[in-house]
Amino acid sequence: MSEFWLYVKLGFGHVLDWSAYDHILFLIVLTVGYTFDNWKRILLLVTLFTLGHTISLFLAAYDIVSVNSRLIEFLIPLTILSTAIFNVLTSKSGSKKSKIGVLYGATIFFGLIHGLGFSIYFKHSSGSTKFLSLIEFALGIELAQIVVVIIVVLISFVVQTFFRFSKRDWILIISSIVIGMVIPMLMANKIW
């Protein structure tokens, strides 16, 4: 049981690691436009990320796929930047249904590349221990993402309700801040 909590806490800490905040930035730009009324869609987005992350983590941990780590470290901020720019460009449109397919795709893609970036930690485990460790780690990721998303949606609610920010302005401000934070990450991990 203690090993179970070890990997759940590792997954939880992986998302909430302030020195590697790319995970948090992606969750922010992914969910900044949603409210508590959209909880099913938010949960689906978070779960799609975890699914993508877990699939690529399994594939890499079992040496089925291998990808250049420099490429992965470049693609992670690129995906965050793409999602933030997408928010900026679509903040005027009121139709969430037309945007959701793109967000689902970006979420799965981000999960896949992020899982590849973290797979090195599981390559040294073996057999059924590795399999269970990966599942427990995924559970920790899912729980931490739910915590981050609740905080993002709560802050969005407070800002839009009490400070009278329009939803569009809030999305533009937060997405622009994230763009400003991600560009240096891209430059630090450039592949050219």
# chains A, B, ... in the order shown; residues from 1 in each chain; ligands from 1
call {"tool": "select_by_dssp", "arguments": {"residues": "range 51-90 of chain A", "states": "alpha helix (DSSP H)", "output": "number ranges by chain"}}
result
A: 51-61, 69-90
call {"tool": "residues_around", "arguments": {"residues": "Leu143 in chain A", "least_positions_apart": "5", "cutoff": "9 Å", "atoms": "only C-alpha atoms", "output": "PyMOL selection string"}}
result
chain A and resi 8+11-12+138+148
call {"tool": "atom_distance", "arguments": {"atom1": "CA of Ile24 in chain A", "atom2": "CA of Ala144 in chain A"}}
result
9.7 Å
call {"tool": "atom_distance", "arguments": {"atom1": "CA of Val153 in chain A", "atom2": "CA of Thr35 in chain A"}}
result
5.8 Å
call {"tool": "closest_atom_pairs", "arguments": {"of": "range 95-189 of chain A", "to": "range 40-46 of chain A", "cutoff": "9 Å", "atoms": "only C-alpha atoms", "output": "JSON lines"}}
result
{"residue": "A:Ile100", "atom": "CA", "partner": "A:Arg41", "partner_atom": "CA", "distance": 8.9}
{"residue": "A:Leu103", "atom": "CA", "partner": "A:Leu45", "partner_atom": "CA", "distance": 7.8}
{"residue": "A:Tyr104", "atom": "CA", "partner": "A:Leu45", "partner_atom": "CA", "distance": 6.4}
{"residue": "A:Thr107", "atom": "CA", "partner": "A:Leu45", "partner_atom": "CA", "distance": 6.6}
{"residue": "A:Ile108", "atom": "CA", "partner": "A:Leu45", "partner_atom": "CA", "distance": 8.4}
{"residue": "A:Glu142", "atom": "CA", "partner": "A:Val46", "partner_atom": "CA", "distance": 7.1}
{"residue": "A:Gln145", "atom": "CA", "partner": "A:Val46", "partner_atom": "CA", "distance": 6.6}
{"residue": "A:Ile146", "atom": "CA", "partner": "A:Val46", "partner_atom": "CA", "distance": 7.2}
{"residue": "A:Val149", "atom": "CA", "partner": "A:Ile42", "partner_atom": "CA", "distance": 7.9}
call {"tool": "write_last_selection", "arguments": {"atoms": "all heavy atoms", "output": "compact mmCIF listing (two decimals), in the first residue's frame"}}
result
# COMPACT_ATOMS: atom_id res chain seq x y z
N ILE A 100 -13.98 22.73 -29.58
CA ILE A 100 -13.69 21.61 -28.70
C ILE A 100 -12.88 20.51 -29.37
O ILE A 100 -12.02 19.91 -28.75
CB ILE A 100 -14.97 21.07 -28.01
CG1 ILE A 100 -14.61 20.24 -26.78
CG2 ILE A 100 -15.82 20.29 -28.99
CD1 ILE A 100 -14.01 21.02 -25.68
N LEU A 103 -9.29 21.41 -29.18
CA LEU A 103 -8.78 21.25 -27.82
C LEU A 103 -8.60 19.79 -27.44
O LEU A 103 -7.63 19.44 -26.77
CB LEU A 103 -9.72 21.95 -26.82
CG LEU A 103 -9.72 23.47 -26.89
CD1 LEU A 103 -10.72 24.05 -25.91
CD2 LEU A 103 -8.34 24.03 -26.63
N TYR A 104 -9.50 18.93 -27.87
CA TYR A 104 -9.35 17.49 -27.62
C TYR A 104 -8.05 16.99 -28.26
O TYR A 104 -7.27 16.28 -27.64
CB TYR A 104 -10.53 16.69 -28.16
CG TYR A 104 -11.82 16.82 -27.39
CD1 TYR A 104 -13.03 16.52 -27.99
CD2 TYR A 104 -11.85 17.25 -26.07
CE1 TYR A 104 -14.23 16.64 -27.30
CE2 TYR A 104 -13.04 17.37 -25.37
CZ TYR A 104 -14.23 17.06 -25.99
OH TYR A 104 -15.41 17.18 -25.32
N THR A 107 -5.01 18.35 -26.48
CA THR A 107 -4.88 17.72 -25.17
C THR A 107 -4.26 16.33 -25.28
O THR A 107 -3.34 16.00 -24.52
CB THR A 107 -6.26 17.63 -24.49
OG1 THR A 107 -6.81 18.95 -24.41
CG2 THR A 107 -6.16 17.04 -23.11
N ILE A 108 -4.73 15.55 -26.21
CA ILE A 108 -4.16 14.21 -26.40
C ILE A 108 -2.71 14.31 -26.85
O ILE A 108 -1.83 13.61 -26.34
CB ILE A 108 -5.01 13.39 -27.40
CG1 ILE A 108 -6.35 13.04 -26.77
CG2 ILE A 108 -4.28 12.13 -27.82
CD1 ILE A 108 -7.35 12.41 -27.73
N GLU A 142 -3.89 12.49 -12.68
CA GLU A 142 -5.31 12.85 -12.84
C GLU A 142 -5.80 13.66 -11.64
O GLU A 142 -6.47 14.69 -11.79
CB GLU A 142 -6.15 11.59 -13.02
CG GLU A 142 -7.60 11.85 -13.29
CD GLU A 142 -7.90 12.27 -14.73
OE1 GLU A 142 -6.98 12.46 -15.53
OE2 GLU A 142 -9.09 12.45 -15.03
N GLN A 145 -4.30 17.19 -11.66
CA GLN A 145 -4.89 18.01 -12.72
C GLN A 145 -6.27 18.51 -12.31
O GLN A 145 -6.62 19.66 -12.59
CB GLN A 145 -4.98 17.22 -14.03
CG GLN A 145 -3.64 16.98 -14.63
CD GLN A 145 -3.70 16.25 -15.95
OE1 GLN A 145 -2.85 16.46 -16.77
NE2 GLN A 145 -4.67 15.38 -16.19
N ILE A 146 -7.02 17.67 -11.65
CA ILE A 146 -8.35 18.08 -11.18
C ILE A 146 -8.21 19.22 -10.18
O ILE A 146 -8.97 20.20 -10.23
CB ILE A 146 -9.13 16.87 -10.61
CG1 ILE A 146 -9.52 15.94 -11.76
CG2 ILE A 146 -10.35 17.33 -9.83
CD1 ILE A 146 -10.08 14.60 -11.33
N VAL A 149 -7.32 22.40 -12.16
CA VAL A 149 -8.47 22.87 -12.93
C VAL A 149 -9.52 23.52 -12.01
O VAL A 149 -10.08 24.56 -12.36
CB VAL A 149 -9.08 21.72 -13.76
CG1 VAL A 149 -10.44 22.07 -14.29
CG2 VAL A 149 -8.13 21.35 -14.89
call {"tool": "atom_distance", "arguments": {"atom1": "CA of Leu25 in chain A", "atom2": "CA of Ser133 in chain A"}}
result
25.6 Å
call {"tool": "residues_around", "arguments": {"residues": "Ser176 in chain A", "least_positions_apart": "5", "cutoff": "9 Å", "atoms": "only C-alpha atoms", "output": "list of chain:residue names"}}
result
A:Ala84, A:Ile85, A:Val88, A:Ile171, A:Met181
call {"tool": "write_last_selection", "arguments": {"atoms": "N, CA and C atoms", "output": "compact mmCIF listing (two decimals), in the first residue's frame"}}
result
# COMPACT_ATOMS: atom_id res chain seq x y z
N ALA A 84 -2.54 28.43 -26.35
CA ALA A 84 -2.76 29.81 -25.91
C ALA A 84 -3.08 30.72 -27.10
N ILE A 85 -2.37 30.55 -28.20
CA ILE A 85 -2.66 31.35 -29.40
C ILE A 85 -4.05 31.02 -29.93
N VAL A 88 -6.49 32.95 -27.94
CA VAL A 88 -6.51 34.37 -28.32
C VAL A 88 -7.29 34.57 -29.62
N ILE A 171 -9.90 35.50 -20.91
CA ILE A 171 -9.20 34.52 -21.75
C ILE A 171 -8.01 35.18 -22.44
N MET A 181 5.16 33.58 -20.96
CA MET A 181 5.95 32.65 -20.14
C MET A 181 6.51 31.49 -20.97
call {"tool": "closest_residue", "arguments": {"among": "A:Phe58, A:Trp170, A:Tyr21, A:Phe49", "to": "Ser119 in chain A", "atoms": "only C-alpha atoms"}}
result
A:Phe58
call {"tool": "closest_residue", "arguments": {"among": "A:Ala61, A:Ala20, A:Val15, A:Ile76", "to": "Phe131 in chain A", "atoms": "only C-alpha atoms"}}
result
A:Ala61
call {"tool": "closest_residue", "arguments": {"among": "A:Leu10, A:Ile72, A:Met187, A:Ile80", "to": "Asp22 in chain A", "atoms": "only C-alpha atoms"}}
result
A:Ile80
call {"tool": "closest_residue", "arguments": {"among": "A:Ile179, A:Leu30, A:Thr54, A:Thr79", "to": "Leu132 in chain A", "atoms": "only C-alpha atoms"}}
result
A:Thr54
call {"tool": "residues_around", "arguments": {"residues": "Tyr121 in chain A", "least_positions_apart": "3", "cutoff": "12 Å", "atoms": "only C-alpha atoms", "output": "count of residues only"}}
result
20
call {"tool": "residues_around", "arguments": {"residues": "Pro77 in chain A", "least_positions_apart": "5", "cutoff": "8 Å", "atoms": "only C-alpha atoms", "output": "PyMOL selection string"}}
result
chain A and resi 22+182-183+185-186
call {"tool": "write_last_selection", "arguments": {"atoms": "N, CA, C and O atoms", "output": "CSV table (one decimal), in the first residue's frame"}}
result
chain,number,residue,atom,x,y,z
A,22,ASP,N,5.3,23.6,-16.8
A,22,ASP,CA,4.6,23.5,-18.1
A,22,ASP,C,3.3,22.8,-18.1
A,22,ASP,O,2.3,23.2,-18.8
A,182,VAL,N,5.8,31.1,-22.0
A,182,VAL,CA,6.2,30.0,-22.8
A,182,VAL,C,7.3,30.3,-23.9
A,182,VAL,O,8.1,29.4,-24.2
A,183,ILE,N,7.3,31.5,-24.4
A,183,ILE,CA,8.3,31.8,-25.4
A,183,ILE,C,9.7,31.6,-24.9
A,183,ILE,O,10.5,31.0,-25.6
A,185,MET,N,10.7,29.5,-22.7
A,185,MET,CA,10.8,28.0,-22.6
A,185,MET,C,11.1,27.4,-24.0
A,185,MET,O,12.0,26.5,-24.2
A,186,LEU,N,10.5,27.9,-25.0
A,186,LEU,CA,10.7,27.5,-26.4
A,186,LEU,C,12.2,27.8,-26.8
A,186,LEU,O,12.9,27.0,-27.4
call {"tool": "residues_around", "arguments": {"residues": "Leu89 in chain A", "least_positions_apart": "2", "cutoff": "12 Å", "atoms": "only C-alpha atoms", "output": "MDAnalysis selection string"}}
result
chainID A and resid 82:87 91:94 99 168 171:172 175:176
